[in-house]
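Trainee: One structure, as structure tokens, below. Some questions next.
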Amino acid sequence: MSEVQFRILPDPAALATAAAQTIVERAQAAVAERGRFTIALSGGSTPRAVFQQLAQVPLSEQMPWAQTYVFWSDERAVPLDDPRSNYRMACESLLNQVAIPKENVKPMSSQSADLDAAAQHYARVIQGIVPGNPPRFDLVMLGMGPDGHTASLFPHSPQLAVVDALVAATPPAPLEPHVPRITFSATLINAAAEVLFLVAGGDKATRLHEVIEGPRQPETLPAQLVAPVAGTLTWMLDQAAAQQLKVDHG
Ligand code: 6PG
């Protein structure tokens, strides 16, 4: 059963700082307990400010980079140096600036001609590093799109029903960028010890209210699929995104 926590921050900058501090705390605890920290980064624009905070002292010096293993919870099927690449955004805002061993950074094979094979390969890479069956990430970062999608699990898409695969390929996305994707399945997301769901901006407020407080309709609102089986779901919101929440989640 999921434990659900809410943290509502005044603005996107405070949200980024709080999220970055949370990542450091979880990394230090995981390394202390198991000698390793495994994280899947989210894409889009929201996490950029989080990564930039992690790249700066003091947080960059507090992170156990040598024991940290970085994956992505989804990726666009574009070259890794393409401006639309989630990997490129993370490298520019964080990974190129910190002392993480290159072999600890595991990008998806986003430019493969066979994305199904690339998804299956990525699942094997994960299984080789992340313990558990299904593999249990210490932390999976997610964002939520204006349509209620998360990772690259889009409304009414066949990937929502994928339960026996850890990673799946998708056709061109219904939202920009309209390119095929590779995405964690809900099964892999929900195996995590913790999911950090970052949502900022008033443009997401209505949809966030529907996802969190509305009727259950995961086919239409895939973000509702996120419910760690034996872990914590932490919603980290700014006040603008949280403004339509009726229940006091404080
Ligand atoms: C992607 C993301 C996607 C993102 C949401 C929110 O590859 O686009 O993984 O799921 O998290 O669309 O994106 P923003 O943070 O840009 O609003």
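Numbering starts fresh at 1 for the residues of each chain in the structure tokens, the chains themselves are lettered A, B, ... in the order given, and ligands are numbered from 1 as they appear.
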Name all residues at most 6 Å from segment 25-37 of chain A (count only C-alpha atoms; drop same-chain ones fewer than 3 positions away) and give them as a PyMOL selection string.
Mentor: chain A and resi 22+67-68
Trainee: Taking N, CA, C and O atoms for each residue, export the selection above as an mmCIF file, in the first residue's frame.
Mentor:
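Writing the result to selection02.cif gives the following:
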```
data_model
loop_
_atom_site.group_PDB
_atom_site.id
_atom_site.type_symbol
_atom_site.label_atom_id
_atom_site.label_comp_id
_atom_site.auth_asym_id
_atom_site.auth_seq_id
_atom_site.Cartn_x
_atom_site.Cartn_y
_atom_site.Cartn_z
ATOM 1 N N THR A 22 15.586 16.874 -0.952
ATOM 2 C CA THR A 22 15.004 15.551 -0.719
ATOM 3 C C THR A 22 15.834 14.477 -1.409
ATOM 4 O O THR A 22 16.098 13.410 -0.850
ATOM 5 N N GLN A 67 28.457 6.519 -5.704
ATOM 6 C CA GLN A 67 27.546 5.396 -5.438
ATOM 7 C C GLN A 67 26.154 5.628 -6.014
ATOM 8 O O GLN A 67 25.204 4.902 -5.710
ATOM 9 N N THR A 68 26.023 6.667 -6.837
ATOM 10 C CA THR A 68 24.720 7.014 -7.420
ATOM 11 C C THR A 68 24.613 6.513 -8.852
ATOM 12 O O THR A 68 25.545 6.700 -9.648
#
```
Trainee: Please write out the residues within 7 Å of ligand 1 as a PyMOL selection string, counting only C-alpha atoms and all ligand atoms.
Mentor: chain A and resi 42-47+73-76+86+142-145+149-152
Trainee: Go through A:Phe137, A:Pro64, A:Asp114, A:Asp82 and flag the residue nearest Val98 of chain A, using only C-alpha atoms for the distances.
Mentor: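 Distance minimum relative to Val98 of chain A lands on A:Pro64.
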Trainee: Given the choices A:Ile39, A:Met1, A:Ile182, A:Ala227, which gets closest to Ser110 of chain A if the distance is worked out from only C-alpha atoms?
Mentor: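 Among A:Ile39, A:Met1, A:Ile182, A:Ala227, it is A:Ile182 that comes nearest to Ser110 of chain A.
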Trainee: Which residues in segment 147-181 of chain A does DSSP call strand (DSSP E or B)? List them as a PyMOL selection string.
Mentor: chain A and resi 150+153+167-170+181
Trainee: Neighbours of Glu61 of chain A within 10 Å (only C-alpha atoms; same-chain residues fewer than 6 positions away dropped), as a ChimeraX atom specification?
Mentor: /A:24,54-55,98-99
Trainee: Using N, CA, C and O atoms, can you write the selected residues to a file as a PDB file, in the first residue's frame?
Mentor:
```pdb
ATOM      1  N   VAL A  24      19.027  14.561  -2.105  1.00  0.00           N
ATOM      2  CA  VAL A  24      20.267  14.368  -1.341  1.00  0.00           C
ATOM      3  C   VAL A  24      20.013  13.525  -0.095  1.00  0.00           C
ATOM      4  O   VAL A  24      20.754  12.578   0.197  1.00  0.00           O
ATOM      5  N   LEU A  54      21.019  20.805  -7.661  1.00  0.00           N
ATOM      6  CA  LEU A  54      21.885  19.668  -7.290  1.00  0.00           C
ATOM      7  C   LEU A  54      23.308  19.857  -7.795  1.00  0.00           C
ATOM      8  O   LEU A  54      24.258  19.287  -7.255  1.00  0.00           O
ATOM      9  N   ALA A  55      23.463  20.675  -8.825  1.00  0.00           N
ATOM     10  CA  ALA A  55      24.785  20.884  -9.433  1.00  0.00           C
ATOM     11  C   ALA A  55      25.606  21.927  -8.682  1.00  0.00           C
ATOM     12  O   ALA A  55      26.793  22.119  -8.973  1.00  0.00           O
ATOM     13  N   VAL A  98      29.112  17.499 -12.334  1.00  0.00           N
ATOM     14  CA  VAL A  98      29.378  16.841 -11.045  1.00  0.00           C
ATOM     15  C   VAL A  98      30.226  15.599 -11.286  1.00  0.00           C
ATOM     16  O   VAL A  98      30.358  15.116 -12.418  1.00  0.00           O
ATOM     17  N   ALA A  99      30.803  15.084 -10.209  1.00  0.00           N
ATOM     18  CA  ALA A  99      31.792  13.992 -10.319  1.00  0.00           C
ATOM     19  C   ALA A  99      31.124  12.634 -10.282  1.00  0.00           C
ATOM     20  O   ALA A  99      31.526  11.744  -9.537  1.00  0.00           O
TER      21      ALA A  99
END
```
Trainee: Can you list every residue in segment 12-220 of chain A that DSSP puts in alpha helix (DSSP H), as a short mmCIF file (atom, residue, chain, number, x, y, z; two decimals) with N, CA and C atoms, in the first residue's frame?
Mentor:
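Ended up saving to out.cif:
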```
data_model
loop_
_atom_site.label_atom_id
_atom_site.label_comp_id
_atom_site.auth_asym_id
_atom_site.auth_seq_id
_atom_site.Cartn_x
_atom_site.Cartn_y
_atom_site.Cartn_z
N PRO A 12 7.98 27.94 -7.79
CA PRO A 12 8.83 26.94 -8.45
C PRO A 12 10.26 26.88 -7.91
N ALA A 13 10.81 28.03 -7.50
CA ALA A 13 12.19 28.02 -6.98
C ALA A 13 12.26 27.26 -5.66
N ALA A 14 11.29 27.51 -4.80
CA ALA A 14 11.25 26.79 -3.51
C ALA A 14 11.00 25.31 -3.74
N LEU A 15 10.18 24.99 -4.74
CA LEU A 15 9.91 23.59 -5.07
C LEU A 15 11.20 22.90 -5.52
N ALA A 16 11.96 23.59 -6.36
CA ALA A 16 13.21 23.00 -6.86
C ALA A 16 14.20 22.76 -5.72
N THR A 17 14.31 23.72 -4.81
CA THR A 17 15.22 23.57 -3.68
C THR A 17 14.79 22.41 -2.79
N ALA A 18 13.52 22.34 -2.50
CA ALA A 18 13.01 21.27 -1.63
C ALA A 18 13.20 19.90 -2.28
N ALA A 19 12.96 19.82 -3.57
CA ALA A 19 13.13 18.54 -4.28
C ALA A 19 14.60 18.13 -4.31
N ALA A 20 15.48 19.07 -4.56
CA ALA A 20 16.91 18.76 -4.59
C ALA A 20 17.40 18.30 -3.22
N GLN A 21 16.94 18.97 -2.19
CA GLN A 21 17.32 18.57 -0.82
C GLN A 21 16.78 17.17 -0.49
N THR A 22 15.59 16.87 -0.95
CA THR A 22 15.00 15.55 -0.72
C THR A 22 15.83 14.48 -1.41
N ILE A 23 16.26 14.75 -2.63
CA ILE A 23 17.09 13.79 -3.37
C ILE A 23 18.39 13.51 -2.62
N VAL A 24 19.03 14.56 -2.10
CA VAL A 24 20.27 14.37 -1.34
C VAL A 24 20.01 13.53 -0.09
N GLU A 25 18.92 13.83 0.60
CA GLU A 25 18.60 13.07 1.83
C GLU A 25 18.39 11.58 1.50
N ARG A 26 17.64 11.31 0.43
CA ARG A 26 17.35 9.93 0.07
C ARG A 26 18.63 9.22 -0.40
N ALA A 27 19.48 9.94 -1.10
CA ALA A 27 20.73 9.35 -1.59
C ALA A 27 21.64 8.99 -0.43
N GLN A 28 21.79 9.89 0.52
CA GLN A 28 22.65 9.62 1.68
C GLN A 28 22.11 8.43 2.49
N ALA A 29 20.80 8.36 2.65
CA ALA A 29 20.22 7.25 3.41
C ALA A 29 20.41 5.92 2.68
N ALA A 30 20.19 5.93 1.36
CA ALA A 30 20.31 4.69 0.59
C ALA A 30 21.75 4.17 0.60
N VAL A 31 22.70 5.08 0.45
CA VAL A 31 24.11 4.66 0.45
C VAL A 31 24.52 4.17 1.83
N ALA A 32 24.02 4.83 2.86
CA ALA A 32 24.34 4.39 4.23
C ALA A 32 23.78 2.99 4.49
N GLU A 33 22.58 2.72 3.96
CA GLU A 33 21.92 1.43 4.23
C GLU A 33 22.40 0.33 3.28
N ARG A 34 22.58 0.69 1.98
CA ARG A 34 22.82 -0.39 1.00
C ARG A 34 24.02 -0.14 0.10
N THR A 46 10.14 20.97 -15.82
CA THR A 46 10.11 21.18 -14.36
C THR A 46 11.39 20.74 -13.65
N PRO A 47 11.95 19.57 -13.99
CA PRO A 47 13.11 19.12 -13.22
C PRO A 47 14.39 19.92 -13.47
N ARG A 48 14.42 20.74 -14.53
CA ARG A 48 15.68 21.44 -14.83
C ARG A 48 16.19 22.24 -13.62
N ALA A 49 15.27 22.97 -12.97
CA ALA A 49 15.68 23.80 -11.82
C ALA A 49 16.15 22.92 -10.66
N VAL A 50 15.57 21.73 -10.53
CA VAL A 50 16.01 20.79 -9.48
C VAL A 50 17.44 20.36 -9.77
N PHE A 51 17.71 20.00 -11.02
CA PHE A 51 19.06 19.55 -11.40
C PHE A 51 20.08 20.67 -11.21
N GLN A 52 19.68 21.90 -11.55
CA GLN A 52 20.60 23.02 -11.38
C GLN A 52 20.96 23.24 -9.90
N GLN A 53 19.99 23.01 -9.01
CA GLN A 53 20.28 23.13 -7.57
C GLN A 53 21.24 22.01 -7.14
N LEU A 54 21.02 20.80 -7.66
CA LEU A 54 21.89 19.67 -7.29
C LEU A 54 23.31 19.86 -7.79
N LEU A 59 24.77 21.31 -2.14
CA LEU A 59 24.14 20.01 -2.42
C LEU A 59 25.04 19.13 -3.26
N SER A 60 25.75 19.73 -4.22
CA SER A 60 26.58 18.89 -5.10
C SER A 60 27.67 18.16 -4.31
N GLU A 61 28.11 18.79 -3.22
CA GLU A 61 29.15 18.14 -2.39
C GLU A 61 28.56 17.16 -1.39
N GLN A 62 27.26 17.21 -1.21
CA GLN A 62 26.60 16.29 -0.27
C GLN A 62 26.12 15.01 -0.94
N ASN A 86 15.73 14.31 -23.00
CA ASN A 86 15.75 14.45 -21.53
C ASN A 86 17.16 14.21 -20.99
N TYR A 87 17.89 13.32 -21.65
CA TYR A 87 19.28 13.04 -21.26
C TYR A 87 20.13 14.30 -21.43
N ARG A 88 19.97 14.97 -22.59
CA ARG A 88 20.76 16.19 -22.83
C ARG A 88 20.45 17.25 -21.78
N MET A 89 19.17 17.41 -21.45
CA MET A 89 18.79 18.43 -20.46
C MET A 89 19.44 18.13 -19.11
N ALA A 90 19.44 16.85 -18.72
CA ALA A 90 20.03 16.47 -17.42
C ALA A 90 21.54 16.65 -17.44
N CYS A 91 22.17 16.36 -18.59
CA CYS A 91 23.63 16.54 -18.68
C CYS A 91 24.00 18.02 -18.58
N GLU A 92 23.25 18.84 -19.34
CA GLU A 92 23.56 20.28 -19.35
C GLU A 92 23.35 20.92 -17.99
N SER A 93 22.27 20.51 -17.29
CA SER A 93 21.91 21.18 -16.03
C SER A 93 22.55 20.54 -14.81
N LEU A 115 12.72 0.50 -31.27
CA LEU A 115 12.49 1.03 -29.92
C LEU A 115 11.97 -0.05 -28.97
N ASP A 116 11.27 -1.05 -29.53
CA ASP A 116 10.84 -2.15 -28.64
C ASP A 116 12.06 -2.90 -28.10
N ALA A 117 13.01 -3.14 -28.98
CA ALA A 117 14.25 -3.82 -28.53
C ALA A 117 15.01 -2.92 -27.56
N ALA A 118 14.99 -1.61 -27.83
CA ALA A 118 15.69 -0.68 -26.92
C ALA A 118 15.04 -0.68 -25.54
N ALA A 119 13.72 -0.77 -25.52
CA ALA A 119 13.00 -0.82 -24.23
C ALA A 119 13.36 -2.09 -23.46
N GLN A 120 13.39 -3.20 -24.18
CA GLN A 120 13.74 -4.47 -23.53
C GLN A 120 15.19 -4.46 -23.04
N HIS A 121 16.06 -3.84 -23.83
CA HIS A 121 17.47 -3.73 -23.41
C HIS A 121 17.59 -2.89 -22.15
N TYR A 122 16.85 -1.78 -22.13
CA TYR A 122 16.92 -0.89 -20.95
C TYR A 122 16.45 -1.62 -19.70
N ALA A 123 15.43 -2.42 -19.86
CA ALA A 123 14.94 -3.21 -18.71
C ALA A 123 16.04 -4.13 -18.19
N ARG A 124 16.80 -4.70 -19.08
CA ARG A 124 17.90 -5.59 -18.64
C ARG A 124 19.01 -4.81 -17.96
N VAL A 125 19.28 -3.60 -18.47
CA VAL A 125 20.29 -2.75 -17.82
C VAL A 125 19.86 -2.42 -16.40
N ILE A 126 18.59 -2.09 -16.26
CA ILE A 126 18.04 -1.78 -14.92
C ILE A 126 18.17 -3.01 -14.01
N GLN A 127 17.78 -4.18 -14.53
CA GLN A 127 17.82 -5.39 -13.71
C GLN A 127 19.24 -5.75 -13.27
N GLY A 128 20.22 -5.29 -14.04
CA GLY A 128 21.61 -5.56 -13.67
C GLY A 128 22.15 -4.68 -12.57
N ILE A 129 21.40 -3.60 -12.26
CA ILE A 129 21.91 -2.64 -11.26
C ILE A 129 20.94 -2.43 -10.10
N ALA A 186 3.93 1.36 -15.60
CA ALA A 186 3.39 1.60 -14.26
C ALA A 186 3.90 0.54 -13.29
N THR A 187 4.15 -0.65 -13.80
CA THR A 187 4.67 -1.73 -12.94
C THR A 187 6.02 -1.35 -12.35
N LEU A 188 6.90 -0.82 -13.20
CA LEU A 188 8.24 -0.46 -12.71
C LEU A 188 8.16 0.77 -11.81
N ILE A 189 7.36 1.75 -12.18
CA ILE A 189 7.21 2.95 -11.35
C ILE A 189 6.71 2.56 -9.96
N ALA A 205 -3.30 23.16 -12.43
CA ALA A 205 -4.10 23.09 -11.20
C ALA A 205 -5.38 22.27 -11.37
N THR A 206 -6.11 22.52 -12.45
CA THR A 206 -7.37 21.80 -12.64
C THR A 206 -7.12 20.30 -12.79
N ARG A 207 -6.17 19.97 -13.65
CA ARG A 207 -5.86 18.56 -13.90
C ARG A 207 -5.35 17.89 -12.63
N LEU A 208 -4.54 18.60 -11.85
CA LEU A 208 -4.01 18.02 -10.61
C LEU A 208 -5.13 17.72 -9.62
N HIS A 209 -6.09 18.63 -9.56
CA HIS A 209 -7.26 18.40 -8.68
C HIS A 209 -8.00 17.14 -9.14
N GLU A 210 -8.16 16.99 -10.46
CA GLU A 210 -8.86 15.81 -10.99
C GLU A 210 -8.08 14.53 -10.65
N VAL A 211 -6.76 14.60 -10.82
CA VAL A 211 -5.93 13.40 -10.58
C VAL A 211 -5.97 12.99 -9.11
N ILE A 212 -5.81 13.97 -8.23
CA ILE A 212 -5.66 13.66 -6.80
C ILE A 212 -7.01 13.48 -6.11
N GLU A 213 -7.99 14.32 -6.49
CA GLU A 213 -9.25 14.32 -5.71
C GLU A 213 -10.46 13.92 -6.53
#
```
Trainee: Which value, in Å to one decimal, gives the distance between atom CA of Asn133 of chain A and atom CA of Leu198 of chain A?
Mentor: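 Between these atoms lies a distance of 25.9 Å.
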